[in-house]
Amino acid sequence: MQQVERFPARGFFRGTKTLYLRSLPEGAQLSSFRLRLTPIAASNRIGPAEEQISFTAPPVDGSIAGGDPSDDSRETAVSQVRGGGSLPWAEIHLGGFRTLSRLSGAGLAGATLQVDLGGLFVDVAANGTVPSQNGTFTLSDGEQPLPGLTVQRLRIARTSAGAQPIINTLWLRAVASNVTLAMGQQPAAWALPGELSAVTETTDLTTLAQAALDAAETEGGFAVLPLHIKSDTTAQLAVEVLYEIQERRSGLPDGLRESTLEYTYDGVSEAGDDLLQITVPPNMEIDPAGTHIAIDGTFEGSEITLGPTMDRTPPEAVPLAVGTAAAQPVTITEETILDAVDVLLSTQARQADVKVDLREDFDGKPGDSSLLAQPATGTFGVSAHGGPRWLSTALGQTITVPADAERIWLVVEPTSAPIAWHVHPETEAAAELQTSDTGGLSWRPARAASLPDALMAAHRFRRASPVFRVPVSAEIGRDAESSLLSLERFQPLGRVEFALESRSVAEAANDILSARSATTCPRGEQLTNGGFEDRASGNDLYEPQGWSVSGGAVALQSFSVPGDAGPLSVTLLRLGHAESAPRALSQIVKVSPGCPYRAVFRGFAPERGAVIELIWRQTGCGLSRTDVLTPPPFLGTFDSGLELAAVAGPQLRTILSASLDVMAPEDADQLEVRLRTPANQRLFVDTISLEGGPTGLRNGDFSELAFDVDLTEFLSGWRFSPELTLENPPLTIAPATEGLTFTNITADRSSVILSQSAEVIADAPFAAALEAQLSQGEAVFAARWLDSAGAQIDTPLAASIQSEGAEITRLRGTVPAGAATAEIEIELGPSAILTLVAASAELEAPQNIPVSFLSEAPGRMTVRDFTVAFRPRAVATQLPPPESPCVPTPADTAPEDICECAPCKDKGETTPARATLITRLPTELPVGTIAQPRLDAWPACPAKAPPRACAPMPAAPRFSAFRTTRGF
């Protein structure tokens, strides 16, 4: 998936401008890389800009330096010189070839324009051409346009006596030209001759970018890649870096390039089952394109002809003392050849001798006739890891057991020390394990303490392989979720030296991830059309798709909000009015009991009384619980008489949010999200969201404010240090077009810190991101690690917020052992001015999928280049709609008064809707997508239901997908 790192246009530059890309993880492998360059004009329009030069500084050495009024620290290389006498003049040196746009000043009336095109001033004709042929270009007082000539100098001169020409402001066309791009210490990797006057993308630079990335310094888990953009002329450019990375991780222990595994007869390696694993980042899956596992090894030439390759967890063991024996019946269904027998045993002795025999069946018991010339013997000792081991006993002969042999008995007898034969439950009594303490004269069923019924002892038959066979198989996952990948297709190679088929590995691992996600809590957005994307601008009635309306229609109302280039218009939903009955807007969704949810409302209520209700319904629609979210107050200048105002209507300072974190009741089946207004009250709505699963930071968009006397919780979810008080506030807070602008005004020039605690998982990857713009001073984004007692441990993650950097500042690392919480901090240095737009943190633990190589034979194998690549996984964010939806609660009815409608027969037809992106600020990759089925109609309530509470609902419009974050 493509990622975009944006560097907004922040002032003019000429020559080389260096940007630092800090979003690529250390060791990242690029699959694509290019830049998009956009010329930015006034009011953030796309196109050539105008550079404004003001001449307000006092003269130095007879000249006045031209300054940038938006950045007085920037040197423009433009200066003005004035000459007096009978024919006064004013001359501007541009410091290079520049294109004229307009100027303003005093004493200009009647003066003429001269320009230097290459070492000599020439007159400009009245029509703006050079040389002058039909009169000269004469100026007037005040602001006026100039011919679009590209010149080194310009002169305003008088041809007769008059006032001294004074140029106060000069505007120059600012467009980049002959642009080049270099990365790191490399020479230019891309060039564009001529002007860059429109949006331009470079060619694909993946190879060169990867080389520069590999040589780049690292900081905080990210590579720091310098991007040098050079323009021969002054320009204002917004830069976007568009790249795709193939995130890869090793399945080997940290720092190892290969691992050698030793095998006996246990099936799993001597190193155990935990050595190799795939660690999958949240919301990702295995990408076969970049996944690779190579193995090579040598093995004994034997194979298992009957029984399992390994047995990890036998639940019980039958103890056998010296002088006792156990016999396991073995049913043969096809011809079986064997020259050795394996049994799963354990002992506490340093050496235990065992006698093994194969006997014919005699009336359901082991007979006296042996299939062997003499019993086989074997020796084993206590296991290094304390668990059972497979003892392989060579028979000294090759035996062929025909398919019609019915049943034979495998008899095991310790001869020097006590042993235990490990067992599993057996469903058929005819196949159960027998024991004897009479030398085989009598046999009785074996029993274990925790398994009182029939038992089967773990056993295998094996033989020497007549031809080469690959003895190894790959197991992805463990126990019930595992998949066993056969490697038999490599047998024609005649050796164990090959790379696994990556698609099979990826499919097996991704099936496990899908199965796990099906049993976890729902994630992401749960509501349909909570962004009300189908609303129109202006003032009109509105029928929101996917929602039920009660008590009257929903109206639209337009407001204006401050913008960078003047007021902006935003259209909100209006529920209720000054003379209306109670009204409600409802949507019912399926929920998972005991799972976390977060409701976020964006809008406001001019009067107290409107609420957002979360009405939890049981199976059968009985009320389980009601949670209430109070909408934010109104911030702005609002006149109740302007409800039908035009687009320029009431002005809002900002639109705030309110949120509520809840846990679904254990008996919940459905949830009704109801926006309700009492009689004669109003509720204005921008968006309503209900997210499931991990919800990250609270109030991550800084739009939820608490207007209480105590300001310690003024910015919900965030704490201030020093505390925010009315008497001595450490900072000022003002709404911005996006987010809030904070200004540090501490008298002692100390820092101000905004912080929020978040639970973390030790040893798990951690990522956080902050979208912010630093206008003045210094600011730092950091994460400190705290243990369960609140003490700081380990080294914090920290990154400076760059005034000329990307929109997003990122943190990346691993949660240290012992950490219980992360303290997310935003530190404003003395006099700093920082606009905060959004913050997020990836707090979900990765998923581990164990990988094992199982071997039928002893040997040694080396695993090399175990590399796993990842790609975004389409996470199912929503539960399917309820089969029998509860009836939405009418506006004039309390949640506990609604009838409990019986299940309806007509459930309607469902089809998937279009999936859209639901995240605005990813920490590394987008969180996921949403796809909501649609319901053709609400089921009608039973005829016997009370008409007031269960009136038949009108057919609901088809559902639509939406974007949860709505900007102005």
# chains A, B, ... in the order shown; residues from 1 in each chain; ligands from 1
>>> select_by_dssp(residues="segment 335-442 of chain A", states="strand (DSSP E)", output="MDAnalysis selection string")
chainID A and resid 336:346 352:362 365:370 376:380 389:401 407:414 419:425 434:436
>>> residues_around(residues="segment 746-752 of chain A", least_positions_apart="2", cutoff="12 Å", atoms="only C-alpha atoms", output="CSV table (one decimal) with C-alpha atoms, in the first residue's frame")
chain,number,residue,atom,x,y,z
A,719,ARG,CA,-3.1,16.5,31.3
A,720,PHE,CA,-1.1,19.7,31.5
A,721,SER,CA,2.1,20.3,33.4
A,722,PRO,CA,2.1,22.8,34.9
A,723,GLU,CA,-1.6,22.6,35.6
A,724,LEU,CA,-4.0,24.8,33.5
A,728,ASN,CA,-2.0,31.7,36.0
A,729,PRO,CA,-2.4,29.8,32.8
A,730,PRO,CA,0.9,28.4,31.4
A,731,LEU,CA,-0.4,28.7,27.8
A,732,THR,CA,-3.1,30.1,25.5
A,742,PHE,CA,-1.1,26.3,21.8
A,743,THR,CA,1.2,29.1,22.8
A,744,ASN,CA,3.6,28.8,25.8
A,754,LEU,CA,0.6,17.8,27.4
A,755,SER,CA,0.5,14.1,28.4
A,777,GLY,CA,10.3,27.9,19.2
A,778,GLU,CA,11.0,24.2,19.9
A,779,ALA,CA,8.7,21.3,20.6
A,780,VAL,CA,9.3,17.6,21.3
A,825,GLU,CA,4.1,13.6,25.9
A,826,ILE,CA,4.0,16.8,23.7
A,827,GLU,CA,6.5,19.3,25.1
A,828,LEU,CA,6.3,23.0,24.2
A,829,GLY,CA,9.5,24.9,24.8
A,830,PRO,CA,9.7,28.5,26.0
A,831,SER,CA,7.5,30.8,23.8
A,832,ALA,CA,6.7,27.9,21.5
A,833,ILE,CA,3.7,28.1,19.2
A,834,LEU,CA,2.4,24.7,18.2
>>> closest_atom_pairs(of="segment 43-80 of chain A", to="segment 552-575 of chain A", cutoff="12 Å", atoms="only C-alpha atoms", output="CSV")
residue,atom,partner,partner_atom,distance
A:Ser43,CA,A:Ala565,CA,5.2
A:Asn44,CA,A:Ala565,CA,8.3
A:Arg45,CA,A:Ala565,CA,10.1
>>> atom_distance(atom1="atom CA of Asp763 of chain A", atom2="atom CA of Pro816 of chain A")
5.5 Å
>>> closest_residue(among="A:Gln236, A:Thr835, A:Gln29, A:Thr795", to="Ala736 of chain A", atoms="only C-alpha atoms")
A:Thr835
>>> residues_around(residues="Phe33 of chain A", least_positions_apart="3", cutoff="9 Å", atoms="only C-alpha atoms", output="ChimeraX atom specification")
/A:30,203-207,209-210,241-245
>>> closest_residue(among="A:Ala294, A:Ala454, A:Ala431, A:Leu170", to="Ser54 of chain A", atoms="only C-alpha atoms")
A:Leu170
>>> closest_atom_pairs(of="segment 396-424 of chain A", to="segment 383-387 of chain A", cutoff="12 Å", atoms="only C-alpha atoms", output="JSON lines")
{"residue": "A:Ala420", "atom": "CA", "partner": "A:Gly387", "partner_atom": "CA", "distance": 10.9}
{"residue": "A:Trp421", "atom": "CA", "partner": "A:Gly387", "partner_atom": "CA", "distance": 11.7}
{"residue": "A:His422", "atom": "CA", "partner": "A:Gly387", "partner_atom": "CA", "distance": 10.3}
>>> write_last_selection(atoms="all heavy atoms", output="PDB file, in the first residue's frame")
ATOM      1  N   ALA A 420       7.708 -44.805  32.196  1.00  0.00           N
ATOM      2  CA  ALA A 420       6.304 -44.464  31.974  1.00  0.00           C
ATOM      3  C   ALA A 420       6.068 -44.410  30.481  1.00  0.00           C
ATOM      4  O   ALA A 420       6.888 -43.867  29.734  1.00  0.00           O
ATOM      5  CB  ALA A 420       5.955 -43.132  32.629  1.00  0.00           C
ATOM      6  N   TRP A 421       4.962 -45.022  30.049  1.00  0.00           N
ATOM      7  CA  TRP A 421       4.580 -45.021  28.634  1.00  0.00           C
ATOM      8  C   TRP A 421       3.453 -44.000  28.493  1.00  0.00           C
ATOM      9  O   TRP A 421       2.419 -44.090  29.162  1.00  0.00           O
ATOM     10  CB  TRP A 421       4.119 -46.403  28.214  1.00  0.00           C
ATOM     11  CG  TRP A 421       4.091 -46.600  26.713  1.00  0.00           C
ATOM     12  CD1 TRP A 421       4.319 -45.705  25.744  1.00  0.00           C
ATOM     13  CD2 TRP A 421       3.804 -47.844  26.043  1.00  0.00           C
ATOM     14  NE1 TRP A 421       4.209 -46.263  24.503  1.00  0.00           N
ATOM     15  CE2 TRP A 421       3.892 -47.590  24.649  1.00  0.00           C
ATOM     16  CE3 TRP A 421       3.496 -49.138  26.464  1.00  0.00           C
ATOM     17  CZ2 TRP A 421       3.667 -48.570  23.686  1.00  0.00           C
ATOM     18  CZ3 TRP A 421       3.274 -50.125  25.510  1.00  0.00           C
ATOM     19  CH2 TRP A 421       3.362 -49.845  24.125  1.00  0.00           C
ATOM     20  N   HIS A 422       3.646 -43.014  27.631  1.00  0.00           N
ATOM     21  CA  HIS A 422       2.700 -41.890  27.537  1.00  0.00           C
ATOM     22  C   HIS A 422       1.529 -42.255  26.636  1.00  0.00           C
ATOM     23  O   HIS A 422       1.693 -42.942  25.613  1.00  0.00           O
ATOM     24  CB  HIS A 422       3.424 -40.647  27.041  1.00  0.00           C
ATOM     25  CG  HIS A 422       4.370 -40.112  28.082  1.00  0.00           C
ATOM     26  ND1 HIS A 422       4.054 -39.069  28.907  1.00  0.00           N
ATOM     27  CD2 HIS A 422       5.615 -40.529  28.466  1.00  0.00           C
ATOM     28  CE1 HIS A 422       5.056 -38.840  29.749  1.00  0.00           C
ATOM     29  NE2 HIS A 422       6.018 -39.711  29.493  1.00  0.00           N
TER      30      HIS A 422
END
>>> residues_around(residues="Pro314 of chain A", least_positions_apart="5", cutoff="12 Å", atoms="only C-alpha atoms", output="list in words")
Leu344, Leu345, Ser346, Gly387, Pro388, Arg389, Ala420, Trp421, His422, Val423, His424, Pro425, Ser450, Leu451, Leu455, Met456, Ala457, Ala458 and His459 of chain A
>>> write_last_selection(atoms="N, CA, C and O atoms", output="compact mmCIF listing (two decimals), in the first residue's frame")
# COMPACT_ATOMS: atom_id res chain seq x y z
N LEU A 344 6.92 -43.76 23.00
CA LEU A 344 7.09 -42.48 23.70
C LEU A 344 7.16 -42.75 25.20
O LEU A 344 6.15 -43.05 25.84
N LEU A 345 8.38 -42.63 25.76
CA LEU A 345 8.63 -43.02 27.14
C LEU A 345 9.28 -41.89 27.93
O LEU A 345 9.82 -40.94 27.34
N SER A 346 9.24 -42.02 29.23
CA SER A 346 10.00 -41.13 30.11
C SER A 346 10.48 -41.94 31.30
O SER A 346 9.92 -42.99 31.63
N GLY A 387 10.77 -33.91 29.72
CA GLY A 387 9.57 -34.44 29.09
C GLY A 387 9.80 -35.82 28.51
O GLY A 387 10.89 -36.41 28.61
N PRO A 388 8.80 -36.37 27.87
CA PRO A 388 8.93 -37.71 27.26
C PRO A 388 9.81 -37.66 26.02
O PRO A 388 9.94 -36.62 25.37
N ARG A 389 10.41 -38.78 25.67
CA ARG A 389 11.24 -38.93 24.48
C ARG A 389 10.81 -40.18 23.72
O ARG A 389 10.36 -41.17 24.30
N ALA A 420 7.71 -44.81 32.20
CA ALA A 420 6.30 -44.46 31.97
C ALA A 420 6.07 -44.41 30.48
O ALA A 420 6.89 -43.87 29.73
N TRP A 421 4.96 -45.02 30.05
CA TRP A 421 4.58 -45.02 28.63
C TRP A 421 3.45 -44.00 28.49
O TRP A 421 2.42 -44.09 29.16
N HIS A 422 3.65 -43.01 27.63
CA HIS A 422 2.70 -41.89 27.54
C HIS A 422 1.53 -42.25 26.64
O HIS A 422 1.69 -42.94 25.61
N VAL A 423 0.35 -41.80 27.05
CA VAL A 423 -0.89 -42.29 26.47
C VAL A 423 -1.84 -41.15 26.13
O VAL A 423 -1.68 -40.02 26.58
N HIS A 424 -2.83 -41.49 25.31
CA HIS A 424 -3.95 -40.63 24.96
C HIS A 424 -5.25 -41.39 25.21
O HIS A 424 -5.25 -42.63 25.29
N PRO A 425 -6.37 -40.69 25.31
CA PRO A 425 -7.65 -41.40 25.44
C PRO A 425 -7.94 -42.23 24.19
O PRO A 425 -7.58 -41.85 23.08
N SER A 450 -6.05 -39.24 35.57
CA SER A 450 -6.94 -38.23 34.99
C SER A 450 -7.70 -38.74 33.78
O SER A 450 -8.54 -38.01 33.24
N LEU A 451 -7.41 -39.97 33.34
CA LEU A 451 -8.11 -40.56 32.19
C LEU A 451 -8.63 -41.93 32.61
O LEU A 451 -7.98 -42.96 32.41
N LEU A 455 -7.31 -46.29 27.14
CA LEU A 455 -6.11 -45.53 26.79
C LEU A 455 -5.43 -46.15 25.58
O LEU A 455 -5.55 -47.36 25.33
N MET A 456 -4.69 -45.31 24.84
CA MET A 456 -3.86 -45.79 23.75
C MET A 456 -2.46 -45.25 23.95
O MET A 456 -2.28 -44.04 24.11
N ALA A 457 -1.47 -46.10 23.95
CA ALA A 457 -0.08 -45.68 24.14
C ALA A 457 0.50 -45.17 22.83
O ALA A 457 0.22 -45.72 21.75
N ALA A 458 1.32 -44.12 22.91
CA ALA A 458 1.94 -43.53 21.72
C ALA A 458 2.98 -44.49 21.17
O ALA A 458 3.89 -44.94 21.88
N HIS A 459 2.89 -44.79 19.88
CA HIS A 459 3.80 -45.74 19.24
C HIS A 459 3.91 -45.43 17.76
O HIS A 459 3.05 -44.76 17.18
>>> residues_around(residues="segment 331-334 of chain A", least_positions_apart="5", cutoff="8 Å", atoms="only C-alpha atoms", output="JSON list (two decimals) with C-alpha atoms, in the first residue's frame")
[["chain", "number", "residue", "atom", "x", "y", "z"],
["A", 401, "VAL", "CA", 2.69, -57.35, 8.30],
["A", 402, "PRO", "CA", -0.04, -58.14, 5.78],
["A", 403, "ALA", "CA", -3.23, -56.15, 5.58],
["A", 404, "ASP", "CA", -5.32, -59.10, 6.77],
["A", 405, "ALA", "CA", -3.29, -59.57, 9.94],
["A", 406, "GLU", "CA", -6.15, -57.94, 11.85],
["A", 407, "ARG", "CA", -4.35, -57.06, 15.04],
["A", 408, "ILE", "CA", -0.91, -57.46, 16.57],
["A", 431, "ALA", "CA", -7.83, -50.92, 20.96]]
>>> residues_around(residues="Val600 of chain A", least_positions_apart="6", cutoff="6 Å", atoms="only C-alpha atoms", output="NGL selection string")
:A and (658-659 or 688-689)
>>> residues_around(residues="Ser716 of chain A", least_positions_apart="3", cutoff="6 Å", atoms="only C-alpha atoms", output="list in words")
Glu704, Leu705 and Glu713 of chain A
>>> write_last_selection(atoms="N, CA and C atoms", output="PDB file, in the first residue's frame")
ATOM      1  N   GLU A 704     -12.130  17.622  21.743  1.00  0.00           N
ATOM      2  CA  GLU A 704     -13.040  17.415  22.858  1.00  0.00           C
ATOM      3  C   GLU A 704     -12.579  18.248  24.050  1.00  0.00           C
ATOM      4  N   LEU A 705     -13.366  19.267  24.399  1.00  0.00           N
ATOM      5  CA  LEU A 705     -13.030  20.178  25.485  1.00  0.00           C
ATOM      6  C   LEU A 705     -14.075  20.065  26.585  1.00  0.00           C
ATOM      7  N   GLU A 713      -9.123  19.124  33.399  1.00  0.00           N
ATOM      8  CA  GLU A 713      -9.592  18.238  32.339  1.00  0.00           C
ATOM      9  C   GLU A 713     -10.129  19.047  31.165  1.00  0.00           C
TER      10      GLU A 713
END
>>> atom_distance(atom1="atom CA of Ile40 of chain A", atom2="atom CA of Arg6 of chain A")
13.5 Å
>>> atom_distance(atom1="atom CA of Arg350 of chain A", atom2="atom CA of Gly440 of chain A")
27.1 Å
>>> closest_residue(among="A:Gly576, A:Gly609, A:Pro282, A:Pro193", to="Val549 of chain A", atoms="only C-alpha atoms")
A:Gly576
